[in-house]
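Report on the structure given below.
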Amino acid sequence: MTLVSSTPMLQEARKSGYGIVAFNVHSFDMLYSVAEAAAEIDAPVIIQTTVGTVQNLGPDSIVKTALAASEKYDIPMALHLDHCTDLEVIIQCIRAGYTSVMIDASMYPFEENVRLTNQVMDIAKHIDINVEAELGKVGGVEDNIVVSEKNAEKAVPTECKEFIHRTGVPTLAPAIGTAHGIYSGDPDIDFDRIEEIANLVDEPLVLHGGSAIPEDDVKQCILLGMAKMNVSTELKNAYSEAIKEHFSEMPDSLDPRKYLAKAKNVAKELAKKKMILVGAAGKASEIKGKAFPNRYKLDSVRV
Ligand code: 13P
């Protein structure tokens, strides 16, 4: 199967009350750990990269690797650009073959967020890709986007409805109390707000800051309408800790295949756990016929 837009798989997930996990990967090896995990439990999956990773690995190489993985494992897989504030990078990724992009204009006032999101929608509506936008401000650190606790701000439900109406954006990430990174205590998730938003809009909602949220809270978010859960920090930390552990046991180790194999396995098991938690296991075969292939002519994208 080729890379697909995440829109139909997320719509299906929201309709059916389960979630799809989007994992931030920082290397090709991590990309394969996630793909393998999804294949082993028959789950649809979203691979996502930050702008930093796009700059580090290059969008063409990321697309080629994700495409190869989606074909090898034959599961519905989307490739998403996470938290991007720069239209040039968004266009670069779309041209390379990303099947989903996030325009993060949440740091601007509502009207400016609408305007910038519409710029991306103007490109995306001609091709078969997903677009995600954010309302309110999710706290914490994600790549070079830093939002202090003081500046974090929850999304206003009526604005979510108006925003979707005025942009047509197919997926929305409303800030509801989670944050990027590991929490010092339990997150203070505003479930009433999620419910209120979900009652006003039919579109799949996105839960940012998916690392280290208590399992019951994750399940409740999904049941209320959060169809996509982003996980970055936990995966990155588990992968890195496995490498650190390998070297503390075998400081003279010089074979990347050995220390990477261990890290890859740890990341794979964590990814499986997260996908099982949101109810995605077994859903890949179910939605295969519904998620449509995303092939389009690169020259049809006008910049
Ligand atoms: P975490 O780093 O908390 O998992 O957040 C991931 C995220 O929301 C990426 O957009």
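In the structure tokens, each chain is lettered A, B, ... as it comes, each chain's residues begin at 1, and ligands are numbered from 1 in order of appearance.
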At a cut-off of 8 Å and counting only C-alpha atoms and all ligand atoms, what residues surround ligand 1? Please answer as a short mmCIF file (atom, residue, chain, number, x, y, z; two decimals) with C-alpha atoms, in the first residue's frame.
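Writing done, so here's result32.cif:
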```cif
data_model
loop_
_atom_site.label_atom_id
_atom_site.label_comp_id
_atom_site.auth_asym_id
_atom_site.auth_seq_id
_atom_site.Cartn_x
_atom_site.Cartn_y
_atom_site.Cartn_z
CA PHE A 23 4.55 9.20 16.29
CA ASN A 24 7.27 11.81 15.91
CA ASP A 82 4.14 18.44 12.64
CA HIS A 83 3.88 22.03 13.99
CA GLY A 140 5.59 22.83 26.60
CA VAL A 141 8.44 22.41 24.13
CA GLU A 142 8.19 20.83 20.67
CA THR A 178 -2.18 18.68 27.79
CA ALA A 179 1.39 19.84 27.13
CA HIS A 180 4.37 18.72 25.06
CA GLY A 181 6.96 16.80 27.09
CA ILE A 182 6.80 14.80 30.32
CA LEU A 207 -4.63 15.31 21.13
CA HIS A 208 -1.20 16.91 21.37
CA GLY A 209 1.22 16.11 24.19
CA GLY A 210 0.35 12.40 24.20
CA SER A 211 3.41 11.33 26.22
CA ALA A 212 2.87 10.17 29.77
CA MET A 229 -2.94 11.23 19.51
CA ASN A 230 0.56 12.68 19.05
CA VAL A 231 3.41 10.93 20.83
CA SER A 232 6.94 12.28 20.67
CA THR A 233 8.88 12.62 23.95
CA GLU A 234 8.18 9.14 25.33
CA LEU A 235 9.31 7.44 22.12
#
```
(request) Write down as a PyMOL selection string the residues of range 14-254 of chain A whose backbone DSSP state falls under helix (DSSP H, G or I). (result) chain A and resi 14-16+28-40+51-57+59-73+87-96+110-124+157-167+191-200+215-224+233-249
Proximity check range 45-150 of chain A to range 266-279 of chain A, 12 Å, nearest pairs one decimal Å, only C-alpha atoms, as JSON lines:
```
{"residue": "A:Val45", "atom": "CA", "partner": "A:Met275", "partner_atom": "CA", "distance": 8.3}
{"residue": "A:Ile46", "atom": "CA", "partner": "A:Met275", "partner_atom": "CA", "distance": 10.7}
{"residue": "A:Ile47", "atom": "CA", "partner": "A:Ala271", "partner_atom": "CA", "distance": 11.2}
```
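Residue nearest Thr171 in chain A, chosen from A:Met107, A:Ala198, A:Ile189, A:Met250 and counting only C-alpha atoms: A:Ala198.
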(message) So, with only C-alpha atoms as the atoms that count, which of A:Cys84, A:Met226, A:Val201, A:Ile75 lies closest to Asp42 in chain A?
(response) A:Ile75
(request) Quick one: everything within 9 Å of Ile243 in chain A, counting only C-alpha atoms, minus sequence neighbours fewer than 5 positions away in the same chain. Send it as a PyMOL selection string. (result) chain A and resi 238+248+259-260+262-263
(request) Go through A:Ser5, A:Gln55, A:Asn199, A:Asn113 and flag the residue nearest Lys161 in chain A, using only C-alpha atoms for the distances. (result)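 Among the listed residues, the smallest separation from Lys161 in chain A belongs to A:Asn199.
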(message) Report, in Å with one decimal, the straight-line distance from CA of Ile94 in chain A to CA of Ala124 in chain A.
(response)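 Between CA of Ile94 in chain A and CA of Ala124 in chain A the gap works out to 8.6 Å.
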Residue neighbourhood Leu135 in chain A, 12 Å, only C-alpha atoms, exclusion window fewer than 3 positions, as a short mmCIF file (atom, residue, chain, number, x, y, z; two decimals) with all heavy atoms, in the first residue's frame:
```
data_model
loop_
_atom_site.label_atom_id
_atom_site.label_comp_id
_atom_site.auth_asym_id
_atom_site.auth_seq_id
_atom_site.Cartn_x
_atom_site.Cartn_y
_atom_site.Cartn_z
N MET A 102 0.68 20.15 9.18
CA MET A 102 0.09 21.01 10.21
C MET A 102 0.59 22.43 10.01
O MET A 102 1.79 22.67 9.98
CB MET A 102 0.48 20.54 11.61
CG MET A 102 -0.07 21.46 12.69
SD MET A 102 0.37 20.90 14.35
CE MET A 102 -0.64 22.01 15.33
N ILE A 103 -0.36 23.35 9.87
CA ILE A 103 0.01 24.75 9.90
C ILE A 103 -0.27 25.21 11.34
O ILE A 103 -1.42 25.21 11.79
CB ILE A 103 -0.76 25.61 8.84
CG1 ILE A 103 -0.66 27.10 9.14
CG2 ILE A 103 -2.23 25.19 8.68
CD1 ILE A 103 0.68 27.70 8.89
N ASP A 104 0.78 25.54 12.04
CA ASP A 104 0.60 25.98 13.42
C ASP A 104 0.71 27.50 13.49
O ASP A 104 1.80 28.07 13.53
CB ASP A 104 1.65 25.32 14.33
CG ASP A 104 1.43 25.71 15.80
OD1 ASP A 104 0.50 26.50 16.07
OD2 ASP A 104 2.17 25.22 16.66
N ALA A 105 -0.46 28.13 13.46
CA ALA A 105 -0.50 29.60 13.59
C ALA A 105 -1.18 29.96 14.90
O ALA A 105 -1.79 31.02 15.04
CB ALA A 105 -1.25 30.19 12.40
N SER A 106 -1.07 29.04 15.88
CA SER A 106 -1.77 29.23 17.16
C SER A 106 -1.18 30.39 17.97
O SER A 106 -1.80 30.85 18.92
CB SER A 106 -1.74 27.94 17.97
OG SER A 106 -0.40 27.58 18.25
N MET A 107 0.02 30.81 17.60
CA MET A 107 0.64 31.92 18.35
C MET A 107 0.07 33.27 17.92
O MET A 107 0.35 34.30 18.52
CB MET A 107 2.17 31.90 18.20
CG MET A 107 2.76 32.09 16.83
SD MET A 107 2.42 30.71 15.68
CE MET A 107 3.36 29.36 16.33
N TYR A 108 -0.73 33.28 16.85
CA TYR A 108 -1.31 34.53 16.34
C TYR A 108 -2.76 34.68 16.81
O TYR A 108 -3.41 33.70 17.18
CB TYR A 108 -1.28 34.54 14.80
CG TYR A 108 0.12 34.47 14.24
CD1 TYR A 108 0.54 33.36 13.52
CD2 TYR A 108 1.03 35.51 14.45
CE1 TYR A 108 1.84 33.30 13.00
CE2 TYR A 108 2.32 35.45 13.94
CZ TYR A 108 2.71 34.34 13.22
OH TYR A 108 3.99 34.27 12.73
N PRO A 109 -3.29 35.91 16.71
CA PRO A 109 -4.72 36.08 17.03
C PRO A 109 -5.59 35.25 16.08
O PRO A 109 -5.15 34.88 14.97
CB PRO A 109 -4.95 37.58 16.81
CG PRO A 109 -3.60 38.21 16.87
CD PRO A 109 -2.62 37.17 16.41
N PHE A 110 -6.82 35.00 16.49
CA PHE A 110 -7.75 34.12 15.76
C PHE A 110 -7.81 34.46 14.26
O PHE A 110 -7.68 33.57 13.41
CB PHE A 110 -9.14 34.26 16.41
CG PHE A 110 -10.19 33.37 15.79
CD1 PHE A 110 -10.29 32.04 16.16
CD2 PHE A 110 -11.07 33.87 14.84
CE1 PHE A 110 -11.26 31.22 15.59
CE2 PHE A 110 -12.03 33.06 14.27
CZ PHE A 110 -12.14 31.73 14.66
N GLU A 111 -8.01 35.74 13.93
CA GLU A 111 -8.18 36.12 12.51
C GLU A 111 -6.94 35.77 11.69
O GLU A 111 -7.05 35.33 10.55
CB GLU A 111 -8.47 37.62 12.39
CG GLU A 111 -9.88 38.02 12.80
CD GLU A 111 -10.98 37.30 12.00
OE1 GLU A 111 -10.80 37.06 10.80
OE2 GLU A 111 -12.01 36.96 12.61
N GLU A 112 -5.77 35.97 12.26
CA GLU A 112 -4.52 35.67 11.54
C GLU A 112 -4.35 34.15 11.39
O GLU A 112 -3.88 33.66 10.36
CB GLU A 112 -3.34 36.29 12.32
CG GLU A 112 -1.99 36.16 11.65
CD GLU A 112 -1.87 36.84 10.28
OE1 GLU A 112 -2.85 37.42 9.78
OE2 GLU A 112 -0.77 36.75 9.70
N ASN A 113 -4.76 33.40 12.41
CA ASN A 113 -4.72 31.94 12.34
C ASN A 113 -5.63 31.47 11.19
O ASN A 113 -5.25 30.62 10.39
CB ASN A 113 -5.18 31.37 13.70
CG ASN A 113 -4.84 29.89 13.87
OD1 ASN A 113 -4.51 29.21 12.90
ND2 ASN A 113 -4.94 29.38 15.08
N VAL A 114 -6.81 32.07 11.09
CA VAL A 114 -7.74 31.72 10.00
C VAL A 114 -7.08 32.02 8.65
O VAL A 114 -7.07 31.19 7.74
CB VAL A 114 -9.07 32.51 10.12
CG1 VAL A 114 -9.91 32.39 8.84
CG2 VAL A 114 -9.88 32.04 11.33
N THR A 117 -4.13 29.60 7.90
CA THR A 117 -4.63 28.25 7.65
C THR A 117 -5.28 28.19 6.27
O THR A 117 -5.11 27.21 5.52
CB THR A 117 -5.62 27.82 8.76
OG1 THR A 117 -4.94 27.91 10.02
CG2 THR A 117 -6.13 26.41 8.55
N GLU A 132 -3.91 20.01 9.32
CA GLU A 132 -4.25 20.14 10.75
C GLU A 132 -3.90 21.56 11.19
O GLU A 132 -2.89 22.11 10.75
CB GLU A 132 -3.42 19.11 11.53
CG GLU A 132 -3.61 19.15 13.04
CD GLU A 132 -2.72 18.09 13.73
OE1 GLU A 132 -2.48 17.00 13.16
OE2 GLU A 132 -2.26 18.38 14.84
N VAL A 138 -1.00 24.99 23.02
CA VAL A 138 -0.54 23.84 23.79
C VAL A 138 0.79 24.21 24.44
O VAL A 138 1.71 24.69 23.77
CB VAL A 138 -0.35 22.60 22.88
CG1 VAL A 138 0.23 21.43 23.66
CG2 VAL A 138 -1.68 22.21 22.22
N ALA A 152 0.27 29.12 27.98
CA ALA A 152 -0.61 28.07 27.44
C ALA A 152 -2.06 28.56 27.59
O ALA A 152 -2.39 29.25 28.55
CB ALA A 152 -0.39 26.77 28.19
N GLU A 153 -2.88 28.21 26.64
CA GLU A 153 -4.25 28.77 26.63
C GLU A 153 -5.19 27.73 26.04
O GLU A 153 -4.88 27.16 24.98
CB GLU A 153 -4.17 29.97 25.69
CG GLU A 153 -5.18 31.05 25.89
CD GLU A 153 -4.86 32.17 24.88
OE1 GLU A 153 -3.90 32.93 25.13
OE2 GLU A 153 -5.53 32.22 23.83
N LYS A 154 -6.31 27.47 26.70
CA LYS A 154 -7.22 26.44 26.16
C LYS A 154 -8.05 27.00 25.02
O LYS A 154 -8.33 28.20 24.96
CB LYS A 154 -8.12 25.93 27.28
CG LYS A 154 -7.32 25.08 28.27
CD LYS A 154 -8.19 24.56 29.39
CE LYS A 154 -7.32 23.83 30.41
NZ LYS A 154 -8.00 23.60 31.67
N ALA A 155 -8.47 26.11 24.12
CA ALA A 155 -9.27 26.52 22.96
C ALA A 155 -10.70 26.85 23.39
O ALA A 155 -11.24 26.23 24.31
CB ALA A 155 -9.30 25.40 21.93
N VAL A 156 -11.30 27.83 22.71
CA VAL A 156 -12.68 28.23 23.00
C VAL A 156 -13.60 27.43 22.06
O VAL A 156 -13.45 27.51 20.83
CB VAL A 156 -12.87 29.75 22.75
CG1 VAL A 156 -14.31 30.17 22.99
CG2 VAL A 156 -11.90 30.55 23.60
N PRO A 157 -14.53 26.62 22.62
CA PRO A 157 -15.35 25.74 21.78
C PRO A 157 -16.05 26.45 20.61
O PRO A 157 -16.01 25.95 19.47
CB PRO A 157 -16.35 25.15 22.76
CG PRO A 157 -15.61 25.14 24.07
CD PRO A 157 -14.77 26.39 24.06
N THR A 158 -16.67 27.61 20.84
CA THR A 158 -17.38 28.27 19.72
C THR A 158 -16.40 28.71 18.64
O THR A 158 -16.74 28.73 17.46
CB THR A 158 -18.17 29.49 20.24
OG1 THR A 158 -17.30 30.27 21.06
CG2 THR A 158 -19.40 29.07 21.04
N GLU A 159 -15.18 29.06 19.05
CA GLU A 159 -14.17 29.45 18.05
C GLU A 159 -13.75 28.25 17.21
O GLU A 159 -13.43 28.39 16.04
CB GLU A 159 -12.94 30.05 18.74
CG GLU A 159 -13.17 31.48 19.22
CD GLU A 159 -11.91 32.17 19.74
OE1 GLU A 159 -10.83 31.54 19.77
OE2 GLU A 159 -12.02 33.33 20.14
N CYS A 160 -13.74 27.06 17.82
CA CYS A 160 -13.39 25.84 17.06
C CYS A 160 -14.38 25.65 15.93
O CYS A 160 -14.02 25.37 14.78
CB CYS A 160 -13.42 24.61 17.97
SG CYS A 160 -12.12 24.63 19.21
N LYS A 161 -15.66 25.83 16.25
CA LYS A 161 -16.71 25.66 15.24
C LYS A 161 -16.54 26.71 14.13
O LYS A 161 -16.57 26.39 12.93
CB LYS A 161 -18.09 25.80 15.91
CG LYS A 161 -19.24 25.51 14.97
CD LYS A 161 -20.54 25.62 15.70
CE LYS A 161 -21.63 25.72 14.64
NZ LYS A 161 -22.67 24.86 14.72
N GLU A 162 -16.36 27.96 14.54
CA GLU A 162 -16.20 29.04 13.56
C GLU A 162 -14.94 28.84 12.70
O GLU A 162 -14.95 29.05 11.48
CB GLU A 162 -16.12 30.40 14.28
CG GLU A 162 -16.12 31.56 13.30
CD GLU A 162 -15.92 32.92 13.97
OE1 GLU A 162 -16.12 33.04 15.19
OE2 GLU A 162 -15.54 33.85 13.23
N PHE A 163 -13.87 28.38 13.34
CA PHE A 163 -12.60 28.18 12.63
C PHE A 163 -12.76 27.13 11.53
O PHE A 163 -12.32 27.33 10.39
CB PHE A 163 -11.53 27.74 13.65
CG PHE A 163 -10.15 27.70 13.09
CD1 PHE A 163 -9.36 28.84 13.06
CD2 PHE A 163 -9.61 26.52 12.59
CE1 PHE A 163 -8.06 28.81 12.55
CE2 PHE A 163 -8.32 26.47 12.08
CZ PHE A 163 -7.55 27.63 12.06
N ILE A 164 -13.40 26.03 11.86
CA ILE A 164 -13.59 24.96 10.88
C ILE A 164 -14.51 25.45 9.76
O ILE A 164 -14.26 25.21 8.58
CB ILE A 164 -14.12 23.68 11.56
CG1 ILE A 164 -12.99 23.06 12.38
CG2 ILE A 164 -14.66 22.69 10.53
CD1 ILE A 164 -13.30 21.80 13.11
N VAL A 169 -10.79 23.24 7.45
CA VAL A 169 -9.69 22.36 7.84
C VAL A 169 -10.26 21.00 8.33
O VAL A 169 -11.22 20.96 9.09
CB VAL A 169 -8.82 23.08 8.92
CG1 VAL A 169 -9.45 23.06 10.29
CG2 VAL A 169 -7.42 22.56 8.95
N THR A 171 -8.90 18.54 10.16
CA THR A 171 -8.57 18.06 11.52
C THR A 171 -8.12 19.26 12.36
O THR A 171 -7.38 20.12 11.88
CB THR A 171 -7.40 17.04 11.52
OG1 THR A 171 -6.42 17.44 10.58
CG2 THR A 171 -7.86 15.64 11.21
N LEU A 172 -8.54 19.26 13.61
CA LEU A 172 -8.25 20.40 14.47
C LEU A 172 -7.66 19.93 15.81
O LEU A 172 -8.17 18.99 16.42
CB LEU A 172 -9.53 21.20 14.73
CG LEU A 172 -9.34 22.45 15.60
CD1 LEU A 172 -8.54 23.52 14.85
CD2 LEU A 172 -10.68 23.02 16.03
N ALA A 173 -6.59 20.61 16.22
CA ALA A 173 -5.98 20.32 17.52
C ALA A 173 -6.35 21.44 18.49
O ALA A 173 -5.73 22.51 18.48
CB ALA A 173 -4.46 20.24 17.37
N PRO A 174 -7.37 21.22 19.32
CA PRO A 174 -7.72 22.25 20.30
C PRO A 174 -6.89 22.03 21.57
O PRO A 174 -6.77 20.91 22.04
CB PRO A 174 -9.20 21.99 20.56
CG PRO A 174 -9.41 20.54 20.25
CD PRO A 174 -8.29 20.06 19.39
N ALA A 175 -6.32 23.09 22.11
CA ALA A 175 -5.58 22.94 23.37
C ALA A 175 -6.59 22.70 24.48
O ALA A 175 -7.55 23.47 24.65
CB ALA A 175 -4.77 24.21 23.64
N ILE A 176 -6.40 21.61 25.24
CA ILE A 176 -7.40 21.24 26.26
C ILE A 176 -6.74 20.90 27.61
O ILE A 176 -7.32 20.22 28.44
CB ILE A 176 -8.31 20.07 25.78
CG1 ILE A 176 -7.49 18.95 25.11
CG2 ILE A 176 -9.37 20.55 24.79
CD1 ILE A 176 -6.78 18.04 25.98
N ILE A 197 -16.49 20.83 22.56
CA ILE A 197 -15.96 21.02 21.20
C ILE A 197 -16.47 19.91 20.29
O ILE A 197 -16.94 20.15 19.18
CB ILE A 197 -14.40 21.05 21.20
CG1 ILE A 197 -13.89 22.24 22.03
CG2 ILE A 197 -13.86 21.11 19.77
CD1 ILE A 197 -12.40 22.22 22.34
N LEU A 205 -10.60 15.30 16.10
CA LEU A 205 -9.81 16.23 16.92
C LEU A 205 -8.46 15.58 17.23
O LEU A 205 -8.33 14.35 17.23
CB LEU A 205 -10.56 16.55 18.22
CG LEU A 205 -11.96 17.16 18.01
CD1 LEU A 205 -12.71 17.27 19.35
CD2 LEU A 205 -11.87 18.53 17.33
N VAL A 206 -7.48 16.41 17.49
CA VAL A 206 -6.12 15.91 17.70
C VAL A 206 -5.64 16.22 19.12
O VAL A 206 -5.72 17.36 19.58
CB VAL A 206 -5.14 16.56 16.68
CG1 VAL A 206 -3.73 15.98 16.86
CG2 VAL A 206 -5.64 16.37 15.26
N LEU A 207 -5.15 15.17 19.78
CA LEU A 207 -4.63 15.31 21.13
C LEU A 207 -3.12 15.47 21.07
O LEU A 207 -2.39 14.51 20.78
CB LEU A 207 -5.00 14.05 21.93
CG LEU A 207 -4.58 13.99 23.39
CD1 LEU A 207 -5.26 15.08 24.22
CD2 LEU A 207 -4.89 12.62 23.99
N HIS A 208 -2.65 16.68 21.33
CA HIS A 208 -1.20 16.91 21.37
C HIS A 208 -0.69 16.58 22.77
O HIS A 208 -1.46 16.49 23.71
CB HIS A 208 -0.88 18.37 21.01
CG HIS A 208 -0.83 18.60 19.53
ND1 HIS A 208 0.34 18.88 18.87
CD2 HIS A 208 -1.80 18.54 18.59
CE1 HIS A 208 0.09 19.00 17.58
NE2 HIS A 208 -1.21 18.81 17.38
#
```
(request) Could you check which of A:Met9, A:Ala69, A:Ile91, A:Cys221 is closest to Ala37 in chain A, using only C-alpha atoms? (result) A:Ala69
(request) Please identify all polymer residues within 9 Å of Phe191 in chain A, counting only C-alpha atoms, omitting same-chain residues fewer than 2 positions from it, and present them as a PyMOL selection string. (result) chain A and resi 176+189+193-196+217+220-221+224
Can you spit out the residues from that selection as a compact mmCIF listing (two decimals), in the first residue's frame, using C-alpha atoms?
```txt
# COMPACT_ATOMS: atom_id res chain seq x y z
CA ILE A 176 -7.40 21.24 26.26
CA ILE A 189 -7.22 17.65 31.09
CA ARG A 193 -14.19 21.27 27.08
CA ILE A 194 -13.35 18.34 24.79
CA GLU A 195 -16.95 17.20 24.99
CA GLU A 196 -18.24 20.68 24.25
CA ASP A 217 -7.37 9.77 30.59
CA GLN A 220 -11.57 9.12 27.82
CA CYS A 221 -10.11 11.67 25.38
CA LEU A 224 -14.94 12.01 23.53
```
(message) Taking 5 positions as the minimum chain separation for residues in the same chain, which residues sit within 8 Å of Ala43 in chain A when counting only C-alpha atoms? Answer as a ChimeraX atom specification.
(response) /A:38,75-76,275,280-285
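Nearest to Ile90 in chain A of all the residues A:Ile123, A:Thr7, A:Ala22, A:Gly225 is A:Ile123, counting only C-alpha atoms.
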(message) Please extract the residues of range 90-286 of chain A with a backbone DSSP assignment of strand (DSSP E or B) and present them as a ChimeraX atom specification.
(response) /A:100-103,130-135,137,139-142,145-147,153,171-174,179-180,205-207,226-231
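By chain and then residue number, the residues within 10 Å of Ser16 in chain A are Leu10, Leu223, Gly225 and Ala227 of chain A, counting only C-alpha atoms and disregarding those fewer than 6 positions away in sequence.
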(message) Between CA of Asp252 in chain A and CA of Glu36 in chain A, what is the distance in Å, rounded to a tenth?
(response) 29.1 Å
(message) Counting only C-alpha atoms, which residue out of A:Ile41, A:Leu3, A:Ala96, A:Ile20 sits closest to Glu71 in chain A?
(response) A:Leu3
